[in-house]
$ cat start_13.cif   # mmCIF, C-alpha atoms
data_my_file
#
loop_
_atom_site.group_PDB
_atom_site.id
_atom_site.type_symbol
_atom_site.label_atom_id
_atom_site.label_comp_id
_atom_site.auth_asym_id
_atom_site.auth_seq_id
_atom_site.Cartn_x
_atom_site.Cartn_y
_atom_site.Cartn_z
ATOM 1 C CA MET A 86 9.201 1.392 -6.030
ATOM 2 C CA ARG A 87 12.676 2.189 -7.383
ATOM 3 C CA ILE A 88 13.724 3.241 -10.874
ATOM 4 C CA GLU A 89 17.383 3.353 -11.858
ATOM 5 C CA GLN A 90 19.072 4.426 -15.071
ATOM 6 C CA ARG A 91 22.773 4.177 -15.881
ATOM 7 C CA GLY A 92 23.440 3.059 -12.328
ATOM 8 C CA ARG A 93 21.748 6.100 -10.757
ATOM 9 C CA VAL A 94 18.500 6.271 -8.791
ATOM 10 C CA ARG A 95 15.986 8.281 -10.799
ATOM 11 C CA TYR A 96 12.907 7.696 -8.644
ATOM 12 C CA GLU A 97 12.298 6.040 -5.291
ATOM 13 C CA ARG A 98 9.161 6.130 -3.197
ATOM 14 C CA ALA A 99 7.170 3.987 -0.775
ATOM 15 C CA PHE A 100 3.401 3.899 -0.452
ATOM 16 C CA GLY A 101 0.909 2.406 1.986
ATOM 17 C CA ARG A 102 1.434 0.332 5.103
ATOM 18 C CA THR A 103 2.356 -3.172 6.101
ATOM 19 C CA ARG A 104 -1.202 -4.467 6.424
ATOM 20 C CA ASP A 105 -4.785 -3.253 6.380
ATOM 21 C CA ASP A 106 -6.432 -5.844 8.633
ATOM 22 C CA GLY A 107 -4.722 -5.062 11.956
ATOM 23 C CA PRO A 108 -1.872 -3.112 13.571
ATOM 24 C CA ALA A 109 0.261 -1.670 10.791
ATOM 25 C CA LEU A 110 3.407 0.329 10.181
ATOM 26 C CA PRO A 111 4.080 2.619 7.214
ATOM 27 C CA ALA A 112 6.005 1.211 4.271
ATOM 28 C CA PHE A 113 9.390 2.867 3.728
ATOM 29 C CA VAL A 114 11.836 2.706 0.835
ATOM 30 C CA ASP A 115 13.928 0.217 2.844
ATOM 31 C CA THR A 116 11.000 -2.032 3.800
ATOM 32 C CA ARG A 117 11.745 -5.698 3.108
ATOM 33 C CA PHE A 118 9.158 -7.601 1.085
ATOM 34 C CA ASP A 119 8.599 -11.299 0.439
ATOM 35 C CA LEU A 120 10.290 -11.470 -2.973
ATOM 36 C CA ALA A 121 8.614 -14.763 -3.950
ATOM 37 C CA SER A 122 9.988 -15.976 -7.317
ATOM 38 C CA ILE A 123 12.507 -13.151 -7.638
ATOM 39 C CA THR A 124 14.362 -15.513 -5.287
ATOM 40 C CA LYS A 125 14.943 -17.658 -8.380
ATOM 41 C CA VAL A 126 17.037 -14.981 -10.084
ATOM 42 C CA PHE A 127 19.170 -14.382 -6.977
ATOM 43 C CA VAL A 128 19.814 -18.124 -6.658
ATOM 44 C CA ALA A 129 20.518 -18.400 -10.389
ATOM 45 C CA THR A 130 23.016 -15.541 -10.123
ATOM 46 C CA VAL A 131 24.854 -17.252 -7.270
ATOM 47 C CA ALA A 132 24.884 -20.487 -9.298
ATOM 48 C CA LEU A 133 26.485 -18.600 -12.204
ATOM 49 C CA ALA A 134 29.098 -17.240 -9.797
ATOM 50 C CA GLN A 135 29.867 -20.853 -8.859
ATOM 51 C CA VAL A 136 30.290 -21.611 -12.580
ATOM 52 C CA ALA A 137 32.731 -18.699 -12.839
ATOM 53 C CA ARG A 138 34.703 -20.151 -9.911
ATOM 54 C CA GLY A 139 34.681 -23.646 -11.381
ATOM 55 C CA THR A 140 32.631 -25.322 -8.632
ATOM 56 C CA LEU A 141 29.725 -25.815 -11.060
ATOM 57 C CA ALA A 142 29.605 -26.365 -14.811
ATOM 58 C CA LEU A 143 26.898 -24.987 -17.069
ATOM 59 C CA ASP A 144 26.608 -27.875 -19.513
ATOM 60 C CA ALA A 145 27.801 -30.982 -17.666
ATOM 61 C CA PRO A 146 25.364 -33.511 -16.176
ATOM 62 C CA LEU A 147 24.830 -32.849 -12.474
ATOM 63 C CA THR A 148 25.027 -36.429 -11.235
ATOM 64 C CA GLY A 149 28.306 -35.732 -9.442
ATOM 65 C CA LEU A 150 26.472 -33.357 -7.084
ATOM 66 C CA VAL A 151 23.140 -35.196 -7.248
ATOM 67 C CA PRO A 152 23.996 -38.910 -7.150
ATOM 68 C CA GLU A 153 20.284 -39.595 -6.656
ATOM 69 C CA TRP A 154 19.927 -38.925 -10.394
ATOM 70 C CA ARG A 155 22.361 -41.607 -11.562
ATOM 71 C CA GLY A 156 20.647 -44.216 -13.691
ATOM 72 C CA THR A 157 17.399 -42.187 -13.903
ATOM 73 C CA ASP A 158 15.741 -39.941 -16.495
ATOM 74 C CA HIS A 159 17.268 -37.017 -14.557
ATOM 75 C CA ALA A 160 20.838 -38.092 -15.392
ATOM 76 C CA ALA A 161 21.090 -35.822 -18.449
ATOM 77 C CA ILE A 162 19.958 -32.671 -16.606
ATOM 78 C CA THR A 163 22.443 -29.794 -16.700
ATOM 79 C CA LEU A 164 22.569 -26.486 -14.884
ATOM 80 C CA ARG A 165 21.747 -24.665 -18.127
ATOM 81 C CA ARG A 166 18.574 -26.698 -18.539
ATOM 82 C CA ILE A 167 17.417 -25.979 -14.968
ATOM 83 C CA LEU A 168 18.114 -22.248 -15.320
ATOM 84 C CA ALA A 169 16.258 -22.140 -18.654
ATOM 85 C CA HIS A 170 13.278 -24.085 -17.261
ATOM 86 C CA ASP A 171 13.544 -26.841 -19.847
ATOM 87 C CA ALA A 172 15.094 -29.570 -17.697
ATOM 88 C CA GLY A 173 11.798 -31.444 -17.771
ATOM 89 C CA PHE A 174 10.655 -30.848 -14.193
ATOM 90 C CA LYS A 175 6.958 -30.558 -13.497
ATOM 91 C CA SER A 176 5.909 -27.033 -12.613
ATOM 92 C CA GLY A 177 5.120 -27.762 -8.969
ATOM 93 C CA ALA A 178 2.889 -29.723 -6.633
ATOM 94 C CA ASP A 179 -0.113 -29.013 -4.435
ATOM 95 C CA TYR A 180 1.345 -28.326 -0.999
ATOM 96 C CA ARG A 181 -1.444 -30.364 0.599
ATOM 97 C CA THR A 182 0.087 -33.497 -0.935
ATOM 98 C CA LEU A 183 3.479 -32.612 0.579
ATOM 99 C CA LEU A 184 2.560 -32.097 4.232
ATOM 100 C CA ASP A 185 4.067 -35.429 5.278
ATOM 101 C CA LYS A 186 6.936 -35.416 2.746
ATOM 102 C CA ASP A 187 10.483 -34.133 2.522
ATOM 103 C CA VAL A 188 9.867 -31.472 -0.143
ATOM 104 C CA GLU A 189 13.511 -31.301 -1.248
ATOM 105 C CA ALA A 190 13.686 -35.088 -1.721
ATOM 106 C CA PHE A 191 10.329 -34.991 -3.526
ATOM 107 C CA ALA A 192 11.544 -32.337 -5.968
ATOM 108 C CA LEU A 193 14.710 -34.290 -6.741
ATOM 109 C CA ALA A 194 12.891 -37.597 -7.256
ATOM 110 C CA GLU A 195 9.568 -36.603 -8.858
ATOM 111 C CA THR A 196 9.018 -38.106 -12.308
ATOM 112 C CA LEU A 197 9.936 -35.700 -15.084
ATOM 113 C CA ALA A 198 7.211 -34.278 -17.306
ATOM 114 C CA ALA A 199 9.498 -34.204 -20.352
ATOM 115 C CA ALA A 200 12.990 -35.187 -21.378
ATOM 116 C CA PRO A 201 15.674 -32.592 -20.574
ATOM 117 C CA GLY A 202 15.786 -29.966 -23.325
ATOM 118 C CA GLU A 203 12.476 -31.034 -24.845
ATOM 119 C CA LEU A 204 9.932 -28.612 -23.388
ATOM 120 C CA MET A 205 9.895 -25.309 -21.487
ATOM 121 C CA ILE A 206 7.972 -25.711 -18.221
ATOM 122 C CA TYR A 207 8.309 -22.900 -15.689
ATOM 123 C CA SER A 208 9.185 -24.954 -12.641
ATOM 124 C CA ASP A 209 9.363 -24.419 -8.912
ATOM 125 C CA LEU A 210 10.550 -28.023 -8.560
ATOM 126 C CA GLY A 211 13.509 -27.370 -10.827
ATOM 127 C CA PHE A 212 14.594 -24.419 -8.709
ATOM 128 C CA ILE A 213 14.107 -26.362 -5.487
ATOM 129 C CA ALA A 214 16.591 -28.793 -7.033
ATOM 130 C CA LEU A 215 18.808 -25.824 -7.938
ATOM 131 C CA GLY A 216 18.871 -24.776 -4.285
ATOM 132 C CA THR A 217 20.145 -28.240 -3.395
ATOM 133 C CA ILE A 218 22.806 -28.045 -6.108
ATOM 134 C CA VAL A 219 24.032 -24.584 -5.025
ATOM 135 C CA ALA A 220 24.245 -25.742 -1.393
ATOM 136 C CA ARG A 221 26.138 -28.928 -2.255
ATOM 137 C CA ALA A 222 28.543 -27.064 -4.545
ATOM 138 C CA ALA A 223 29.226 -24.596 -1.714
ATOM 139 C CA GLY A 224 29.515 -27.295 0.930
ATOM 140 C CA ARG A 225 27.091 -25.534 3.270
ATOM 141 C CA SER A 226 23.455 -24.575 3.591
ATOM 142 C CA LEU A 227 21.688 -22.683 0.817
ATOM 143 C CA ALA A 228 20.959 -19.795 3.192
ATOM 144 C CA ALA A 229 24.625 -19.454 4.177
ATOM 145 C CA ALA A 230 25.903 -19.811 0.609
ATOM 146 C CA LEU A 231 23.465 -17.272 -0.775
ATOM 147 C CA GLU A 232 23.597 -14.697 1.982
ATOM 148 C CA ASP A 233 27.395 -14.702 2.222
ATOM 149 C CA GLN A 234 27.674 -14.177 -1.522
ATOM 150 C CA LEU A 235 25.116 -11.362 -1.520
ATOM 151 C CA ARG A 236 26.858 -9.605 1.376
ATOM 152 C CA GLY A 237 30.088 -9.757 -0.587
ATOM 153 C CA TRP A 238 28.271 -8.063 -3.453
ATOM 154 C CA ASN A 239 26.856 -5.307 -1.200
ATOM 155 C CA ALA A 240 23.279 -6.648 -1.101
ATOM 156 C CA HIS A 241 22.993 -6.418 2.659
ATOM 157 C CA SER A 242 19.215 -6.532 3.118
ATOM 158 C CA THR A 243 18.302 -9.695 1.218
ATOM 159 C CA ALA A 244 18.080 -12.893 3.236
ATOM 160 C CA TYR A 245 15.911 -15.805 4.218
ATOM 161 C CA LEU A 246 14.136 -16.040 7.601
ATOM 162 C CA PRO A 247 13.640 -12.502 8.931
ATOM 163 C CA ARG A 248 14.741 -11.968 12.508
ATOM 164 C CA ALA A 249 12.109 -11.565 15.229
ATOM 165 C CA ALA A 250 12.780 -7.830 15.588
ATOM 166 C CA GLU A 251 12.083 -7.283 11.863
ATOM 167 C CA ARG A 252 8.842 -9.190 11.540
ATOM 168 C CA ALA A 253 6.397 -6.358 12.243
ATOM 169 C CA THR A 254 8.067 -4.164 9.605
ATOM 170 C CA ILE A 255 7.532 -6.697 6.794
ATOM 171 C CA PRO A 256 4.300 -6.342 4.827
ATOM 172 C CA ALA A 257 1.787 -9.096 5.495
ATOM 173 C CA THR A 258 0.883 -11.296 2.571
ATOM 174 C CA GLU A 259 -2.132 -13.595 2.591
ATOM 175 C CA THR A 260 -4.583 -14.773 5.206
ATOM 176 C CA ASP A 261 -5.284 -18.409 4.412
ATOM 177 C CA ALA A 262 -7.186 -21.271 5.967
ATOM 178 C CA TRP A 263 -4.007 -23.232 6.698
ATOM 179 C CA ARG A 264 -1.733 -20.693 8.402
ATOM 180 C CA GLY A 265 -3.984 -17.744 9.159
ATOM 181 C CA SER A 266 -2.400 -14.331 8.643
ATOM 182 C CA VAL A 267 1.038 -14.692 7.032
ATOM 183 C CA GLN A 268 3.524 -11.975 7.934
ATOM 184 C CA ALA A 269 7.322 -12.406 7.729
ATOM 185 C CA ASP A 270 6.924 -16.119 6.984
ATOM 186 C CA VAL A 271 7.381 -17.030 3.347
ATOM 187 C CA HIS A 272 4.085 -16.956 1.469
ATOM 188 C CA ASP A 273 4.956 -19.859 -0.839
ATOM 189 C CA GLU A 274 3.679 -23.021 0.797
ATOM 190 C CA LYS A 275 6.382 -25.362 -0.509
ATOM 191 C CA ALA A 276 9.118 -23.034 0.730
ATOM 192 C CA TYR A 277 7.320 -22.780 4.074
ATOM 193 C CA LEU A 278 7.322 -26.578 4.368
ATOM 194 C CA MET A 279 11.080 -26.452 3.722
ATOM 195 C CA GLY A 280 11.610 -24.206 6.726
ATOM 196 C CA GLY A 281 11.533 -20.977 4.711
ATOM 197 C CA VAL A 282 14.728 -21.633 2.728
ATOM 198 C CA ALA A 283 14.367 -22.798 -0.873
ATOM 199 C CA GLY A 284 15.749 -22.179 -4.328
ATOM 200 C CA HIS A 285 12.439 -21.031 -5.786
ATOM 201 C CA ALA A 286 11.127 -18.712 -3.039
ATOM 202 C CA GLY A 287 11.860 -17.529 0.479
ATOM 203 C CA LEU A 288 14.040 -14.436 0.177
ATOM 204 C CA PHE A 289 12.958 -11.160 1.749
ATOM 205 C CA GLY A 290 14.565 -8.014 0.395
ATOM 206 C CA THR A 291 14.378 -4.317 -0.374
ATOM 207 C CA ALA A 292 13.789 -2.502 -3.647
ATOM 208 C CA ARG A 293 17.367 -1.262 -3.410
ATOM 209 C CA ASP A 294 18.775 -4.802 -3.375
ATOM 210 C CA VAL A 295 16.504 -5.967 -6.196
ATOM 211 C CA ALA A 296 17.596 -2.973 -8.285
ATOM 212 C CA LEU A 297 21.199 -3.815 -7.415
ATOM 213 C CA LEU A 298 20.637 -7.294 -8.859
ATOM 214 C CA GLY A 299 19.566 -5.627 -12.089
ATOM 215 C CA GLU A 300 22.539 -3.278 -12.035
ATOM 216 C CA TRP A 301 25.003 -6.187 -11.822
ATOM 217 C CA TYR A 302 23.706 -7.383 -15.192
ATOM 218 C CA LEU A 303 23.356 -3.929 -16.748
ATOM 219 C CA ALA A 304 26.904 -3.145 -15.686
ATOM 220 C CA ALA A 305 28.116 -6.311 -17.410
ATOM 221 C CA LEU A 306 26.308 -5.274 -20.584
ATOM 222 C CA HIS A 307 27.552 -1.672 -20.463
ATOM 223 C CA ASP A 308 31.121 -2.306 -19.318
ATOM 224 C CA ARG A 309 30.778 -0.847 -15.836
ATOM 225 C CA PRO A 310 32.297 -2.538 -12.782
ATOM 226 C CA THR A 311 30.287 -5.612 -11.776
ATOM 227 C CA PRO A 312 30.871 -8.595 -9.496
ATOM 228 C CA LEU A 313 29.595 -10.916 -12.213
ATOM 229 C CA ASP A 314 31.517 -12.714 -14.921
ATOM 230 C CA ARG A 315 30.647 -10.578 -17.946
ATOM 231 C CA ASP A 316 30.375 -13.437 -20.429
ATOM 232 C CA LEU A 317 28.113 -15.461 -18.140
ATOM 233 C CA ALA A 318 25.965 -12.408 -17.371
ATOM 234 C CA ARG A 319 25.497 -11.771 -21.076
ATOM 235 C CA GLU A 320 24.661 -15.428 -21.648
ATOM 236 C CA ALA A 321 22.113 -15.268 -18.832
ATOM 237 C CA VAL A 322 20.096 -12.539 -20.571
ATOM 238 C CA SER A 323 20.283 -14.116 -24.025
ATOM 239 C CA GLU A 324 17.571 -16.384 -25.359
ATOM 240 C CA GLN A 325 17.932 -20.032 -24.367
ATOM 241 C CA VAL A 326 14.347 -21.159 -24.914
ATOM 242 C CA TRP A 327 11.573 -19.545 -26.947
ATOM 243 C CA ASP A 328 8.041 -19.519 -25.564
ATOM 244 C CA PRO A 329 5.033 -17.546 -26.857
ATOM 245 C CA VAL A 330 4.490 -15.967 -23.421
ATOM 246 C CA LEU A 331 8.032 -15.377 -22.162
ATOM 247 C CA ARG A 332 11.320 -16.338 -23.764
ATOM 248 C CA ARG A 333 13.839 -17.679 -21.287
ATOM 249 C CA GLY A 334 17.399 -16.806 -20.470
ATOM 250 C CA LEU A 335 19.317 -18.348 -17.572
ATOM 251 C CA GLY A 336 17.080 -17.588 -14.604
ATOM 252 C CA TRP A 337 15.658 -14.512 -16.322
ATOM 253 C CA ALA A 338 12.457 -14.127 -18.309
ATOM 254 C CA LEU A 339 12.877 -12.257 -21.610
ATOM 255 C CA LYS A 340 10.228 -10.060 -23.168
ATOM 256 C CA ALA A 341 8.272 -11.906 -25.854
ATOM 257 C CA ASN A 342 5.508 -9.429 -26.705
ATOM 258 C CA ASP A 343 3.846 -6.180 -25.639
ATOM 259 C CA ASP A 344 1.352 -8.040 -23.442
ATOM 260 C CA ASN A 345 4.136 -8.953 -20.999
ATOM 261 C CA SER A 346 4.014 -7.113 -17.688
ATOM 262 C CA CYS A 347 6.963 -4.904 -18.657
ATOM 263 C CA GLY A 348 4.556 -3.129 -21.014
ATOM 264 C CA ALA A 349 4.706 -2.024 -24.620
ATOM 265 C CA LEU A 350 7.429 0.618 -24.383
ATOM 266 C CA MET A 351 10.383 -1.295 -23.000
ATOM 267 C CA SER A 352 12.557 -2.663 -25.798
ATOM 268 C CA SER A 353 12.530 -6.200 -27.166
ATOM 269 C CA GLU A 354 15.829 -6.761 -25.313
ATOM 270 C CA THR A 355 14.093 -6.371 -21.928
ATOM 271 C CA PHE A 356 14.569 -9.054 -19.285
ATOM 272 C CA GLY A 357 13.202 -9.437 -15.776
ATOM 273 C CA HIS A 358 11.175 -11.525 -13.376
ATOM 274 C CA THR A 359 8.008 -11.345 -11.329
ATOM 275 C CA GLY A 360 7.014 -12.800 -7.971
ATOM 276 C CA PHE A 361 3.616 -14.194 -7.011
ATOM 277 C CA THR A 362 3.309 -11.968 -3.936
ATOM 278 C CA GLY A 363 3.302 -8.871 -6.174
ATOM 279 C CA THR A 364 6.976 -8.182 -6.846
ATOM 280 C CA SER A 365 8.739 -7.482 -10.126
ATOM 281 C CA ILE A 366 11.891 -6.208 -11.779
ATOM 282 C CA TRP A 367 12.086 -5.332 -15.465
ATOM 283 C CA ILE A 368 15.336 -4.236 -17.087
ATOM 284 C CA ASP A 369 15.736 -2.581 -20.471
ATOM 285 C CA PRO A 370 19.414 -2.740 -21.484
ATOM 286 C CA ILE A 371 18.843 -0.463 -24.486
ATOM 287 C CA ARG A 372 17.833 2.329 -22.089
ATOM 288 C CA ASP A 373 20.155 1.087 -19.313
ATOM 289 C CA LEU A 374 17.019 1.115 -17.153
ATOM 290 C CA SER A 375 15.558 -0.977 -14.340
ATOM 291 C CA VAL A 376 12.092 -0.667 -12.817
ATOM 292 C CA VAL A 377 11.492 -2.397 -9.483
ATOM 293 C CA LEU A 378 8.015 -2.665 -8.003
ATOM 294 C CA LEU A 379 7.574 -4.486 -4.685
ATOM 295 C CA THR A 380 4.060 -4.987 -3.322
ATOM 296 C CA ASN A 381 2.156 -7.417 -1.140
ATOM 297 C CA ASN A 382 -0.650 -7.743 -3.675
ATOM 298 C CA VAL A 383 -1.834 -11.129 -2.358
ATOM 299 C CA HIS A 384 -2.861 -9.356 0.866
ATOM 300 C CA HIS A 385 -5.927 -8.335 -1.132
ATOM 301 C CA GLY A 386 -6.443 -11.658 -2.903
ATOM 302 C CA ARG A 387 -4.701 -13.582 -5.668
ATOM 303 C CA THR A 388 -5.297 -11.152 -8.518
ATOM 304 C CA ASP A 389 -3.326 -10.360 -11.673
ATOM 305 C CA LEU A 390 -1.070 -7.347 -11.083
ATOM 306 C CA ARG A 391 -0.390 -6.596 -14.755
ATOM 307 C CA ASP A 392 -2.841 -3.683 -14.574
ATOM 308 C CA VAL A 393 -0.346 -2.033 -12.220
ATOM 309 C CA ARG A 394 2.972 -3.370 -13.508
ATOM 310 C CA ILE A 395 2.361 -2.302 -17.119
ATOM 311 C CA PRO A 396 1.400 1.340 -16.422
ATOM 312 C CA VAL A 397 4.338 1.706 -14.015
ATOM 313 C CA ALA A 398 6.821 0.424 -16.597
ATOM 314 C CA ASP A 399 5.294 2.493 -19.400
ATOM 315 C CA ALA A 400 5.254 5.642 -17.250
ATOM 316 C CA ALA A 401 8.920 5.192 -16.353
ATOM 317 C CA VAL A 402 9.903 4.818 -20.010
ATOM 318 C CA ARG A 403 7.822 7.802 -21.132
ATOM 319 C CA ALA A 404 9.252 10.076 -18.448
ATOM 320 C CA LEU A 405 12.854 9.136 -19.064
ATOM 321 C CA ASP A 406 12.530 9.166 -22.848
ATOM 322 C CA ALA A 407 10.958 12.625 -22.673
ATOM 323 C CA GLU A 408 13.801 13.804 -20.474
ATOM 324 C CA THR A 409 16.306 12.484 -23.000
ATOM 325 C CA VAL A 410 14.561 14.367 -25.816
ATOM 326 C CA ARG A 411 14.557 17.621 -23.815
ATOM 327 C CA ALA A 412 18.256 17.211 -23.116
#

$ encode --input "start_13.cif" --output "structure tokens"
Amino acid sequence: MRIEQRGRVRYERAFGRTRDDGPALPAFVDTRFDLASITKVFVATVALAQVARGTLALDAPLTGLVPEWRGTDHAAITLRRILAHDAGFKSGADYRTLLDKDVEAFALAETLAAAPGELMIYSDLGFIALGTIVARAAGRSLAAALEDQLRGWNAHSTAYLPRAAERATIPATETDAWRGSVQADVHDEKAYLMGGVAGHAGLFGTARDVALLGEWYLAALHDRPTPLDRDLAREAVSEQVWDPVLRRGLGWALKANDDNSCGALMSSETFGHTGFTGTSIWIDPIRDLSVVLLTNNVHHGRTDLRDVRIPVADAAVRALDAETVRA
């Protein structure tokens, strides 16, 4: 867990061990976790950097990079619509139906569930397509495009495909009937079928790097140095699509109500993202605060982690607000 405020670390601590069903190592503050859908926000951020450089456009149809979409219902899809989850993509697909398919080609070609801009559907398929778009705009693989950009931004520990020497240090996720015990391979089945590199899941990273992602956006909002284009960063955390559960920015989820996993005390301006494995980042720009919680919750079954995420976020806000009052 890592809590930062105004660009400074206010709390950092690791708990537990890498697994509880076999040989284990302790978890440390620099342990790399399967980030699951927090991958989406890293990929979205790199896509926005491509917009800033002029290799992608936010509101132009993407058929120049995805000629497969010409003459189809996909032809009107823009980068903004993919990032806001209202491009019309279905949410996902049962991996068991994809075992003999090219998952990337499937995601690009699958029939849309709605017309672009018509309906918010949180979509893995849309972000698989985004991974393809980022790679084609960069002229190289998604892994190379993403990791080179993150290294340039000082996020040195976030990458796809952990090296052999690192595997035992990465917390195990789930034991399933298909793969057995999953450790250091991506938990998400669709990403696994894609070789571990995808736009919607697959990154492994530390709490420090996830907090750094938050700081890039907070710095843009508070006029501190940031590698991001300030206008695009501000657009990314502004409401693009309203939904009763979570409003949507560009890649980011925005707080909609006090039942969200950022809790009741973070402000209505809060933005963040969660990951299915048990990861989360929530960022309150009013307090200039980020709360990062990385766990391997699915190691103990696919249960809702809000009972942990909410008290952690609320405790962080209470402690820091009380400190501000005392000062």

$ axis_aligned_box --input "start_13.cif" --around "segment 209-213 of chain A" --padding-each-side "5 Å" --output "AutoDock Vina command-line options"
--center_x 12.0 --center_y -26.2 --center_z -8.2 --size_x 15.2 --size_y 13.6 --size_z 15.3

$ residues_near_point --input "start_13.cif" --point "(-4.3, -16.9, -3.7)" --cutoff "10 Å" --atoms "all atoms listed in the file" --output "MDAnalysis selection string"
chainID A and resid 258:261 272 361:362 382:388

$ atom_distance --input "start_13.cif" --atom1 "atom CA of Ile371 of chain A" --atom2 "atom CA of Arg403 of chain A"
14.2 Å

$ residues_around --input "start_13.cif" --residues "segment 220-229 of chain A" --least-positions-apart "6" --cutoff "7 Å" --atoms "only C-alpha atoms" --output "VMD selection string"
chain A and resid 140 to 141 150 245 282

$ resolve_selection --input "start_13.cif" --expression "the PyMOL selection byres ((chain A and resi 137) around 12)" --output "ChimeraX atom specification"
/A:130-136,138-143,312-318

$ write_last_selection --input "start_13.cif" --atoms "C-alpha atoms" --output "PDB file, in the coordinates of the input"
ATOM      1  CA  THR A 130      23.016 -15.541 -10.123  1.00  0.00           C
ATOM      2  CA  VAL A 131      24.854 -17.252  -7.270  1.00  0.00           C
ATOM      3  CA  ALA A 132      24.884 -20.487  -9.298  1.00  0.00           C
ATOM      4  CA  LEU A 133      26.485 -18.600 -12.204  1.00  0.00           C
ATOM      5  CA  ALA A 134      29.098 -17.240  -9.797  1.00  0.00           C
ATOM      6  CA  GLN A 135      29.867 -20.853  -8.859  1.00  0.00           C
ATOM      7  CA  VAL A 136      30.290 -21.611 -12.580  1.00  0.00           C
ATOM      8  CA  ARG A 138      34.703 -20.151  -9.911  1.00  0.00           C
ATOM      9  CA  GLY A 139      34.681 -23.646 -11.381  1.00  0.00           C
ATOM     10  CA  THR A 140      32.631 -25.322  -8.632  1.00  0.00           C
ATOM     11  CA  LEU A 141      29.725 -25.815 -11.060  1.00  0.00           C
ATOM     12  CA  ALA A 142      29.605 -26.365 -14.811  1.00  0.00           C
ATOM     13  CA  LEU A 143      26.898 -24.987 -17.069  1.00  0.00           C
ATOM     14  CA  PRO A 312      30.871  -8.595  -9.496  1.00  0.00           C
ATOM     15  CA  LEU A 313      29.595 -10.916 -12.213  1.00  0.00           C
ATOM     16  CA  ASP A 314      31.517 -12.714 -14.921  1.00  0.00           C
ATOM     17  CA  ARG A 315      30.647 -10.578 -17.946  1.00  0.00           C
ATOM     18  CA  ASP A 316      30.375 -13.437 -20.429  1.00  0.00           C
ATOM     19  CA  LEU A 317      28.113 -15.461 -18.140  1.00  0.00           C
ATOM     20  CA  ALA A 318      25.965 -12.408 -17.371  1.00  0.00           C
TER      21      ALA A 318
END

$ resolve_selection --input "start_13.cif" --expression "the PyMOL selection byres ((chain A and resi 338-343) around 9)" --output "PDB file with C-alpha atoms, in the frame of the given file"
ATOM      1  CA  ALA A 169      16.258 -22.140 -18.654  1.00  0.00           C
ATOM      2  CA  VAL A 322      20.096 -12.539 -20.571  1.00  0.00           C
ATOM      3  CA  SER A 323      20.283 -14.116 -24.025  1.00  0.00           C
ATOM      4  CA  GLU A 324      17.571 -16.384 -25.359  1.00  0.00           C
ATOM      5  CA  TRP A 327      11.573 -19.545 -26.947  1.00  0.00           C
ATOM      6  CA  ASP A 328       8.041 -19.519 -25.564  1.00  0.00           C
ATOM      7  CA  PRO A 329       5.033 -17.546 -26.857  1.00  0.00           C
ATOM      8  CA  VAL A 330       4.490 -15.967 -23.421  1.00  0.00           C
ATOM      9  CA  LEU A 331       8.032 -15.377 -22.162  1.00  0.00           C
ATOM     10  CA  ARG A 332      11.320 -16.338 -23.764  1.00  0.00           C
ATOM     11  CA  ARG A 333      13.839 -17.679 -21.287  1.00  0.00           C
ATOM     12  CA  GLY A 334      17.399 -16.806 -20.470  1.00  0.00           C
ATOM     13  CA  LEU A 335      19.317 -18.348 -17.572  1.00  0.00           C
ATOM     14  CA  GLY A 336      17.080 -17.588 -14.604  1.00  0.00           C
ATOM     15  CA  TRP A 337      15.658 -14.512 -16.322  1.00  0.00           C
ATOM     16  CA  ASP A 344       1.352  -8.040 -23.442  1.00  0.00           C
ATOM     17  CA  ASN A 345       4.136  -8.953 -20.999  1.00  0.00           C
ATOM     18  CA  SER A 346       4.014  -7.113 -17.688  1.00  0.00           C
ATOM     19  CA  CYS A 347       6.963  -4.904 -18.657  1.00  0.00           C
ATOM     20  CA  GLY A 348       4.556  -3.129 -21.014  1.00  0.00           C
ATOM     21  CA  ALA A 349       4.706  -2.024 -24.620  1.00  0.00           C
ATOM     22  CA  LEU A 350       7.429   0.618 -24.383  1.00  0.00           C
ATOM     23  CA  MET A 351      10.383  -1.295 -23.000  1.00  0.00           C
ATOM     24  CA  SER A 352      12.557  -2.663 -25.798  1.00  0.00           C
ATOM     25  CA  SER A 353      12.530  -6.200 -27.166  1.00  0.00           C
ATOM     26  CA  GLU A 354      15.829  -6.761 -25.313  1.00  0.00           C
ATOM     27  CA  THR A 355      14.093  -6.371 -21.928  1.00  0.00           C
ATOM     28  CA  PHE A 356      14.569  -9.054 -19.285  1.00  0.00           C
ATOM     29  CA  GLY A 357      13.202  -9.437 -15.776  1.00  0.00           C
ATOM     30  CA  HIS A 358      11.175 -11.525 -13.376  1.00  0.00           C
ATOM     31  CA  THR A 359       8.008 -11.345 -11.329  1.00  0.00           C
TER      32      THR A 359
END
